[in-house]
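S.K.: Pasting a structure below so you can have a look.
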Amino acid sequence: MIKAPIAILFLATLASASYPNASWAGDDKLIKVENAQVRAVPAVSKETAAFMVIVNDSDKPVQLVGGSTPIAGMAMPMITTNEDHGGTMAMGMKDVPSLEVPAHGKLELKAGGNHLMLSDLSSTPKVGDKVQLTLRFEPGPFEITVEATVTKD
Amino acid sequence: MQTDPTFAPAMAQPAGASRQNRGVRAGLSIAAALVLVALVCWLGWGRLHAYRPFAREVFADPKPASDFHLTDQNGRPLSLENLRGKVVLLTFGYTHCPNICPMTLANLNQAFTLLKPEQQSQVQVVFISVDPQRDTQAQLLGYVPFYNPSFLGATSSTGEIARVARAYGVFYAADAPANPAKPDSYNVTHSAYVDLIDKHGRWVALYENKQLFESAKLAADLVYFSRE
């Protein structure tokens with residue numbers, strides 16, 4: 001009697017959890033971007049960074065693979081490195097193909113850590129400005145557009 | 001019942017004297033103990049309440065800080081000798097730095113802003129470029145004062161930067177261009193410590209970059225070192 005609904009439920013769960021070729025079925029409502037910020041820089045700077053928290057409420061990890069914004073030529077996911085160079089620690093950055101947002105987890109992009117580098121700035125973001133930021137994710141690919149606030153600190 | 005009058009005083013006399021002596025001795029030992037306790041407390045209190053700088057490293061035997069001869073964003077010569085009497089916060093970076101350097105300078109500004117004007121006049125932030133090729137005087141002028149008008153940027157067209165970096169244990173190296181089509185789109189990997197040079201020109205402390213987020217503690221260190 002109650003076996004059939006359970007089986008249907010089980011199949012439905014199975015179906016929703018196993019996307020063919022691991023492609024994203026477009027449930028991007030489960031991916032949320034919080035507290036998006038772009039760091040204010042002086043006019044001579046042609047690069048800055050965007051920070052945010054990306055929350056993944058789904059059962060599958062997603063990858064932030066890039067993005068775009070009207071104010072910059074490029075938006076690249078970067079990691080911050082702190083490596084030993086002959087006994088001296090030095091900080092640097094490395095562009096990475098993607099940054100993972102784990103299933104039921106979050107990815108924090110923050111000052112001094114992983115970030116989205118915006119380079120070839122075409123205009124100077126000023127404190128308080130809103131900057132449109134489109135983030136591209138895989139599998140999918142799918143995009144999320146947010147308004148990032150320009151902050152100085 | 002009556003006690004023997006001849007007996008009782010005879011017994012009472014020495015007993016009383018010894019009790020008195022014992023009292024004096026006890027009083028003295030208590031006083032001595034109190035003095036000792038007070039001394040220990042005072043010393044311990046002093047130790048506990050002596051200011052302990054927040055810097056990651058405070059050198060026990062600070063050496064004279066290596067001087068330099070660079071040019072600031074206004075085209076003026078900049079050397080440590082000219083800054084004697086001020087606490088100098090020395091940091092190395094480059095103006096095309098998208099993440100670390102803006103964070104470093106913004107954090108230093110936060111701490112600096114917590115100081116009273118008379119304390120601010122005792123502190124000088126110096127940002128030495130590790131990318132002199134792109135960081136011209138004009139570039140520094142557009143960059144460093146954005147974070148704080150009193151901060152100084154420094155560059156050089158000679159080999160001075162390499163020498164100064166070595167003297168402060170700073171590593172730096174240009175990476176491959178981020179955009180292969182643009183040779184000028186390189187980032188620079190560099191040490192991101194902040195060195196503190198006291199007003200006598202001694203290199204006394206070193207901050208880890210992430211410590212700079214704690215502006216209040218950094219400001220307290222600056223006040224402390226301004227007095228030393």
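How things are named: the first chain in the structure tokens is A, the next is B, and so on; residues count from 1 in each chain; ligands count from 1 in the order shown.
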Hey, could you make a per-residue contact list for chain A against chain B with 7 Å as the cut-off, showing the nearest pair of atoms and its distance in Å to one decimal, counting only C-alpha atoms, sorted by chain and number, as JSON lines?
M.R.:
```
{"residue": "A:Pro42", "atom": "CA", "partner": "B:Tyr143", "partner_atom": "CA", "distance": 5.8}
{"residue": "A:Val44", "atom": "CA", "partner": "B:Gly142", "partner_atom": "CA", "distance": 5.7}
{"residue": "A:Ser45", "atom": "CA", "partner": "B:His96", "partner_atom": "CA", "distance": 6.1}
{"residue": "A:Lys46", "atom": "CA", "partner": "B:His96", "partner_atom": "CA", "distance": 6.9}
{"residue": "A:Glu47", "atom": "CA", "partner": "B:Pro98", "partner_atom": "CA", "distance": 5.4}
{"residue": "A:Thr48", "atom": "CA", "partner": "B:Pro98", "partner_atom": "CA", "distance": 4.4}
{"residue": "A:Ala49", "atom": "CA", "partner": "B:Pro98", "partner_atom": "CA", "distance": 5.7}
{"residue": "A:His85", "atom": "CA", "partner": "B:Phe171", "partner_atom": "CA", "distance": 7.0}
{"residue": "A:Thr88", "atom": "CA", "partner": "B:Phe171", "partner_atom": "CA", "distance": 6.4}
{"residue": "A:Met89", "atom": "CA", "partner": "B:Ser191", "partner_atom": "CA", "distance": 5.8}
{"residue": "A:Ala90", "atom": "CA", "partner": "B:Ser191", "partner_atom": "CA", "distance": 3.7}
{"residue": "A:Met91", "atom": "CA", "partner": "B:His190", "partner_atom": "CA", "distance": 5.3}
{"residue": "A:Gly92", "atom": "CA", "partner": "B:Thr189", "partner_atom": "CA", "distance": 4.2}
{"residue": "A:Ala111", "atom": "CA", "partner": "B:Asn99", "partner_atom": "CA", "distance": 6.3}
{"residue": "A:Gly112", "atom": "CA", "partner": "B:Ile100", "partner_atom": "CA", "distance": 5.6}
{"residue": "A:Met117", "atom": "CA", "partner": "B:Pro98", "partner_atom": "CA", "distance": 6.7}
{"residue": "A:Asp153", "atom": "CA", "partner": "B:Ala106", "partner_atom": "CA", "distance": 5.7}
```
S.K.: Generate a file of the selected residues that holds N, CA and C atoms, formatted as a short mmCIF file (atom, residue, chain, number, x, y, z; two decimals), in the first residue's frame.
M.R.:
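Listing of result02.cif after writing:
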```cif
data_model
loop_
_atom_site.label_atom_id
_atom_site.label_comp_id
_atom_site.auth_asym_id
_atom_site.auth_seq_id
_atom_site.Cartn_x
_atom_site.Cartn_y
_atom_site.Cartn_z
N PRO A 42 42.14 53.55 -6.32
CA PRO A 42 42.32 54.86 -6.95
C PRO A 42 42.26 54.75 -8.48
N VAL A 44 44.32 55.39 -10.74
CA VAL A 44 45.49 54.84 -11.44
C VAL A 44 45.49 53.30 -11.45
N SER A 45 44.69 52.70 -10.60
CA SER A 45 44.65 51.24 -10.54
C SER A 45 43.76 50.70 -11.64
N LYS A 46 44.27 49.70 -12.33
CA LYS A 46 43.49 49.08 -13.40
C LYS A 46 43.03 47.68 -12.99
N GLU A 47 43.17 47.39 -11.70
CA GLU A 47 42.69 46.11 -11.22
C GLU A 47 42.19 46.25 -9.78
N THR A 48 41.23 45.41 -9.47
CA THR A 48 40.74 45.36 -8.09
C THR A 48 40.24 43.93 -7.86
N ALA A 49 39.54 43.73 -6.74
CA ALA A 49 39.07 42.39 -6.43
C ALA A 49 37.63 42.46 -5.96
N HIS A 85 60.00 31.23 0.08
CA HIS A 85 61.00 31.42 -0.97
C HIS A 85 62.35 31.54 -0.28
N THR A 88 61.99 32.94 3.22
CA THR A 88 61.17 34.15 3.32
C THR A 88 59.80 33.86 2.76
N MET A 89 58.79 34.18 3.53
CA MET A 89 57.44 33.95 3.04
C MET A 89 57.05 35.11 2.11
N ALA A 90 56.41 34.77 1.03
CA ALA A 90 55.95 35.82 0.12
C ALA A 90 54.54 35.48 -0.35
N MET A 91 53.72 36.51 -0.43
CA MET A 91 52.33 36.32 -0.84
C MET A 91 52.21 36.58 -2.33
N GLY A 92 51.35 35.83 -2.94
CA GLY A 92 51.14 36.01 -4.37
C GLY A 92 49.75 35.56 -4.74
N ALA A 111 39.15 39.50 1.28
CA ALA A 111 40.42 40.21 1.23
C ALA A 111 41.52 39.33 1.81
N GLY A 112 42.59 39.19 1.08
CA GLY A 112 43.71 38.39 1.56
C GLY A 112 43.54 36.90 1.30
N MET A 117 39.44 38.38 -9.31
CA MET A 117 40.23 39.56 -9.72
C MET A 117 39.53 40.23 -10.90
N ASP A 153 37.20 49.47 2.86
CA ASP A 153 37.96 48.74 3.88
C ASP A 153 37.59 47.26 3.96
#
```
S.K.: Using DSSP on the backbone coordinates, identify the residues of segment 42-220 of chain B assigned to strand (DSSP E or B); present them as a PyMOL selection string.
M.R.: chain B and resi 57-64+70-72+77-78+87-93+123-129+152-155+172-177+186-190+194-197+202-207
S.K.: Using DSSP on the backbone, list every residue of segment 34-206 of chain B that comes out as helix (DSSP H, G or I), and give them as JSON, numbers by chain.
M.R.: {"B": [34, 35, 36, 37, 38, 39, 40, 41, 42, 43, 44, 45, 46, 47, 48, 49, 81, 82, 83, 100, 101, 102, 103, 104, 105, 106, 107, 108, 109, 110, 111, 112, 113, 117, 118, 119, 120, 137, 138, 139, 140, 141, 142, 143, 144, 145, 146, 147, 160, 161, 162, 163, 164, 165, 166, 167]}
S.K.: Next, the residues of the selection above should be written as a PDB file, in the first residue's frame with C-alpha atoms.
M.R.:
```
ATOM      1  CA  LEU B  34      53.729  41.091  53.941  1.00  0.00           C
ATOM      2  CA  VAL B  35      56.712  42.946  52.495  1.00  0.00           C
ATOM      3  CA  LEU B  36      57.652  39.834  50.539  1.00  0.00           C
ATOM      4  CA  VAL B  37      54.112  39.365  49.277  1.00  0.00           C
ATOM      5  CA  ALA B  38      53.933  43.051  48.342  1.00  0.00           C
ATOM      6  CA  LEU B  39      57.266  42.818  46.522  1.00  0.00           C
ATOM      7  CA  VAL B  40      56.239  39.704  44.617  1.00  0.00           C
ATOM      8  CA  CYS B  41      52.894  41.295  43.777  1.00  0.00           C
ATOM      9  CA  TRP B  42      54.560  44.495  42.643  1.00  0.00           C
ATOM     10  CA  LEU B  43      57.073  42.652  40.490  1.00  0.00           C
ATOM     11  CA  GLY B  44      54.468  40.242  39.186  1.00  0.00           C
ATOM     12  CA  TRP B  45      52.001  43.039  38.612  1.00  0.00           C
ATOM     13  CA  GLY B  46      54.657  45.002  36.777  1.00  0.00           C
ATOM     14  CA  ARG B  47      55.459  41.988  34.638  1.00  0.00           C
ATOM     15  CA  LEU B  48      51.835  41.236  33.960  1.00  0.00           C
ATOM     16  CA  HIS B  49      50.973  44.805  33.230  1.00  0.00           C
ATOM     17  CA  GLU B  81      67.480  59.159   8.413  1.00  0.00           C
ATOM     18  CA  ASN B  82      65.027  61.917   7.473  1.00  0.00           C
ATOM     19  CA  LEU B  83      62.315  60.080   9.411  1.00  0.00           C
ATOM     20  CA  ILE B 100      46.988  42.233  -0.793  1.00  0.00           C
ATOM     21  CA  CYS B 101      48.379  45.775  -1.134  1.00  0.00           C
ATOM     22  CA  PRO B 102      45.014  47.611  -1.087  1.00  0.00           C
ATOM     23  CA  MET B 103      44.150  45.509   1.968  1.00  0.00           C
ATOM     24  CA  THR B 104      47.479  46.280   3.657  1.00  0.00           C
ATOM     25  CA  LEU B 105      47.168  50.020   3.046  1.00  0.00           C
ATOM     26  CA  ALA B 106      43.477  50.151   3.978  1.00  0.00           C
ATOM     27  CA  ASN B 107      44.245  48.292   7.222  1.00  0.00           C
ATOM     28  CA  LEU B 108      47.194  50.551   8.042  1.00  0.00           C
ATOM     29  CA  ASN B 109      44.916  53.508   7.422  1.00  0.00           C
ATOM     30  CA  GLN B 110      42.338  52.052   9.824  1.00  0.00           C
ATOM     31  CA  ALA B 111      44.913  51.802  12.618  1.00  0.00           C
ATOM     32  CA  PHE B 112      46.367  55.216  11.793  1.00  0.00           C
ATOM     33  CA  THR B 113      42.928  56.813  11.907  1.00  0.00           C
ATOM     34  CA  PRO B 117      46.451  63.872  15.639  1.00  0.00           C
ATOM     35  CA  GLU B 118      49.496  64.329  17.897  1.00  0.00           C
ATOM     36  CA  GLN B 119      50.082  60.560  17.811  1.00  0.00           C
ATOM     37  CA  GLN B 120      49.632  60.457  14.038  1.00  0.00           C
ATOM     38  CA  GLN B 137      56.543  58.631  -9.098  1.00  0.00           C
ATOM     39  CA  ALA B 138      53.315  59.723 -10.839  1.00  0.00           C
ATOM     40  CA  GLN B 139      51.794  56.261 -10.406  1.00  0.00           C
ATOM     41  CA  LEU B 140      52.632  56.318  -6.682  1.00  0.00           C
ATOM     42  CA  LEU B 141      51.169  59.809  -6.384  1.00  0.00           C
ATOM     43  CA  GLY B 142      47.870  58.542  -7.749  1.00  0.00           C
ATOM     44  CA  TYR B 143      47.949  55.475  -5.526  1.00  0.00           C
ATOM     45  CA  VAL B 144      49.404  55.865  -2.027  1.00  0.00           C
ATOM     46  CA  PRO B 145      47.625  59.086  -0.872  1.00  0.00           C
ATOM     47  CA  PHE B 146      44.293  57.488  -1.856  1.00  0.00           C
ATOM     48  CA  TYR B 147      44.659  55.265   1.219  1.00  0.00           C
ATOM     49  CA  GLU B 160      68.314  50.398  -4.533  1.00  0.00           C
ATOM     50  CA  ILE B 161      64.976  48.591  -4.183  1.00  0.00           C
ATOM     51  CA  ALA B 162      66.564  45.172  -4.619  1.00  0.00           C
ATOM     52  CA  ARG B 163      69.121  46.047  -1.959  1.00  0.00           C
ATOM     53  CA  VAL B 164      66.544  47.399   0.509  1.00  0.00           C
ATOM     54  CA  ALA B 165      64.292  44.378  -0.020  1.00  0.00           C
ATOM     55  CA  ARG B 166      67.207  42.061   0.746  1.00  0.00           C
ATOM     56  CA  ALA B 167      68.097  44.065   3.853  1.00  0.00           C
TER      57      ALA B 167
END
```
S.K.: Might you pull out every residue within 9 Å of Glu143 of chain A, with only C-alpha atoms counted and same-chain residues fewer than 6 positions away left off, and present them as a PyMOL selection string?
M.R.: chain A and resi 28+67+134-137
S.K.: Take the selection from the previous step and output its residues with N, CA and C atoms, as a PDB file, in the first residue's frame.
M.R.:
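Contents of result36.pdb, freshly written:
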```
ATOM      1  N   ASP A  28      19.633  26.614 -10.114  1.00  0.00           N
ATOM      2  CA  ASP A  28      20.556  27.600  -9.556  1.00  0.00           C
ATOM      3  C   ASP A  28      19.921  28.454  -8.461  1.00  0.00           C
ATOM      4  N   GLY A  67      33.578  35.169 -14.571  1.00  0.00           N
ATOM      5  CA  GLY A  67      32.516  36.155 -14.455  1.00  0.00           C
ATOM      6  C   GLY A  67      32.764  37.310 -15.381  1.00  0.00           C
ATOM      7  N   THR A 134      28.413  39.503 -12.924  1.00  0.00           N
ATOM      8  CA  THR A 134      27.817  38.245 -13.363  1.00  0.00           C
ATOM      9  C   THR A 134      28.819  37.126 -13.110  1.00  0.00           C
ATOM     10  N   LEU A 135      28.369  36.112 -12.391  1.00  0.00           N
ATOM     11  CA  LEU A 135      29.244  34.996 -12.039  1.00  0.00           C
ATOM     12  C   LEU A 135      28.853  33.785 -12.863  1.00  0.00           C
ATOM     13  N   ARG A 136      29.847  33.088 -13.376  1.00  0.00           N
ATOM     14  CA  ARG A 136      29.567  31.911 -14.200  1.00  0.00           C
ATOM     15  C   ARG A 136      29.972  30.641 -13.455  1.00  0.00           C
ATOM     16  N   PHE A 137      29.038  29.701 -13.467  1.00  0.00           N
ATOM     17  CA  PHE A 137      29.266  28.452 -12.729  1.00  0.00           C
ATOM     18  C   PHE A 137      29.199  27.247 -13.649  1.00  0.00           C
TER      19      PHE A 137
END
```
S.K.: Residues at most 9 Å from Asp95 of chain A, counting only C-alpha atoms, excluding those fewer than 2 positions away in the same chain, as a list of chain:residue names?
M.R.: A:Met76, A:Pro77, A:Met78, A:Ile79, A:Thr80, A:Met93, A:Pro97, A:Ser98, A:Met117, B:Ala178
S.K.: Take the residues that were just selected and, keeping all heavy atoms, output them as a short mmCIF file (atom, residue, chain, number, x, y, z; two decimals), in the first residue's frame.
M.R.:
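Below you can see result.cif, which holds the result:
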```
data_model
loop_
_atom_site.label_atom_id
_atom_site.label_comp_id
_atom_site.auth_asym_id
_atom_site.auth_seq_id
_atom_site.Cartn_x
_atom_site.Cartn_y
_atom_site.Cartn_z
N MET A 76 38.59 37.07 -13.08
CA MET A 76 39.21 35.75 -12.96
C MET A 76 39.21 35.25 -11.52
O MET A 76 39.60 36.00 -10.61
CB MET A 76 40.67 35.81 -13.41
CG MET A 76 40.88 36.27 -14.83
SD MET A 76 42.63 36.66 -15.08
CE MET A 76 43.25 35.01 -15.41
N PRO A 77 38.82 33.98 -11.32
CA PRO A 77 38.97 33.41 -9.98
C PRO A 77 40.45 33.26 -9.64
O PRO A 77 41.22 32.76 -10.45
CB PRO A 77 38.30 32.03 -10.08
CG PRO A 77 37.66 31.97 -11.43
CD PRO A 77 38.30 33.00 -12.29
N MET A 78 40.82 33.72 -8.47
CA MET A 78 42.23 33.68 -8.05
C MET A 78 42.33 33.10 -6.65
O MET A 78 41.42 33.28 -5.83
CB MET A 78 42.82 35.09 -7.99
CG MET A 78 42.71 35.92 -9.23
SD MET A 78 43.84 35.41 -10.53
CE MET A 78 45.29 36.29 -10.09
N ILE A 79 43.46 32.46 -6.40
CA ILE A 79 43.75 32.07 -5.03
C ILE A 79 44.93 32.91 -4.54
O ILE A 79 45.75 33.36 -5.35
CB ILE A 79 44.08 30.56 -4.88
CG1 ILE A 79 45.23 30.16 -5.81
CG2 ILE A 79 42.85 29.69 -5.16
CD1 ILE A 79 45.81 28.80 -5.50
N THR A 80 44.98 33.16 -3.26
CA THR A 80 46.12 33.87 -2.69
C THR A 80 47.08 32.83 -2.14
O THR A 80 46.67 31.90 -1.44
CB THR A 80 45.66 34.83 -1.58
OG1 THR A 80 44.81 35.81 -2.18
CG2 THR A 80 46.82 35.53 -0.91
N MET A 93 49.50 35.54 -6.02
CA MET A 93 48.18 35.12 -6.49
C MET A 93 48.39 34.15 -7.63
O MET A 93 49.39 34.20 -8.32
CB MET A 93 47.42 36.31 -7.05
CG MET A 93 47.29 37.46 -6.10
SD MET A 93 46.22 38.70 -6.78
CE MET A 93 46.70 38.70 -8.48
N PRO A 97 41.44 27.68 -12.71
CA PRO A 97 40.32 27.48 -13.62
C PRO A 97 38.98 27.60 -12.91
O PRO A 97 37.99 28.02 -13.50
CB PRO A 97 40.53 26.07 -14.17
CG PRO A 97 41.78 25.54 -13.57
CD PRO A 97 42.33 26.51 -12.60
N SER A 98 38.97 27.23 -11.62
CA SER A 98 37.70 27.28 -10.90
C SER A 98 37.92 27.30 -9.41
O SER A 98 38.98 26.90 -8.91
CB SER A 98 36.85 26.07 -11.27
OG SER A 98 37.50 24.90 -10.83
N MET A 117 39.44 38.38 -9.31
CA MET A 117 40.23 39.56 -9.72
C MET A 117 39.53 40.23 -10.90
O MET A 117 39.16 39.58 -11.87
CB MET A 117 41.65 39.15 -10.12
CG MET A 117 42.48 40.34 -10.58
SD MET A 117 44.21 39.94 -10.94
CE MET A 117 44.09 39.45 -12.66
N ALA B 178 49.24 37.92 -16.60
CA ALA B 178 47.93 37.29 -16.41
C ALA B 178 47.24 37.14 -17.76
O ALA B 178 46.54 36.16 -18.01
CB ALA B 178 47.08 38.14 -15.46
#
```
S.K.: Check the smallest atom-to-atom distance from each of B:Asp195, B:Ala181, B:Asp221, B:Gln73 to Arg52 of chain B using only C-alpha atoms, then report the winner.
M.R.: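 The shortest atom-to-atom distance to Arg52 of chain B comes from B:Asp221.
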S.K.: Identify which of the residues B:Asp72, B:Tyr168, B:Asn148, B:Thr136 lies closest to Trp203 of chain B, counting only C-alpha atoms when measuring atom-to-atom distances.
M.R.: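 Checking each candidate against Trp203 of chain B, we get B:Tyr168 as the closest.
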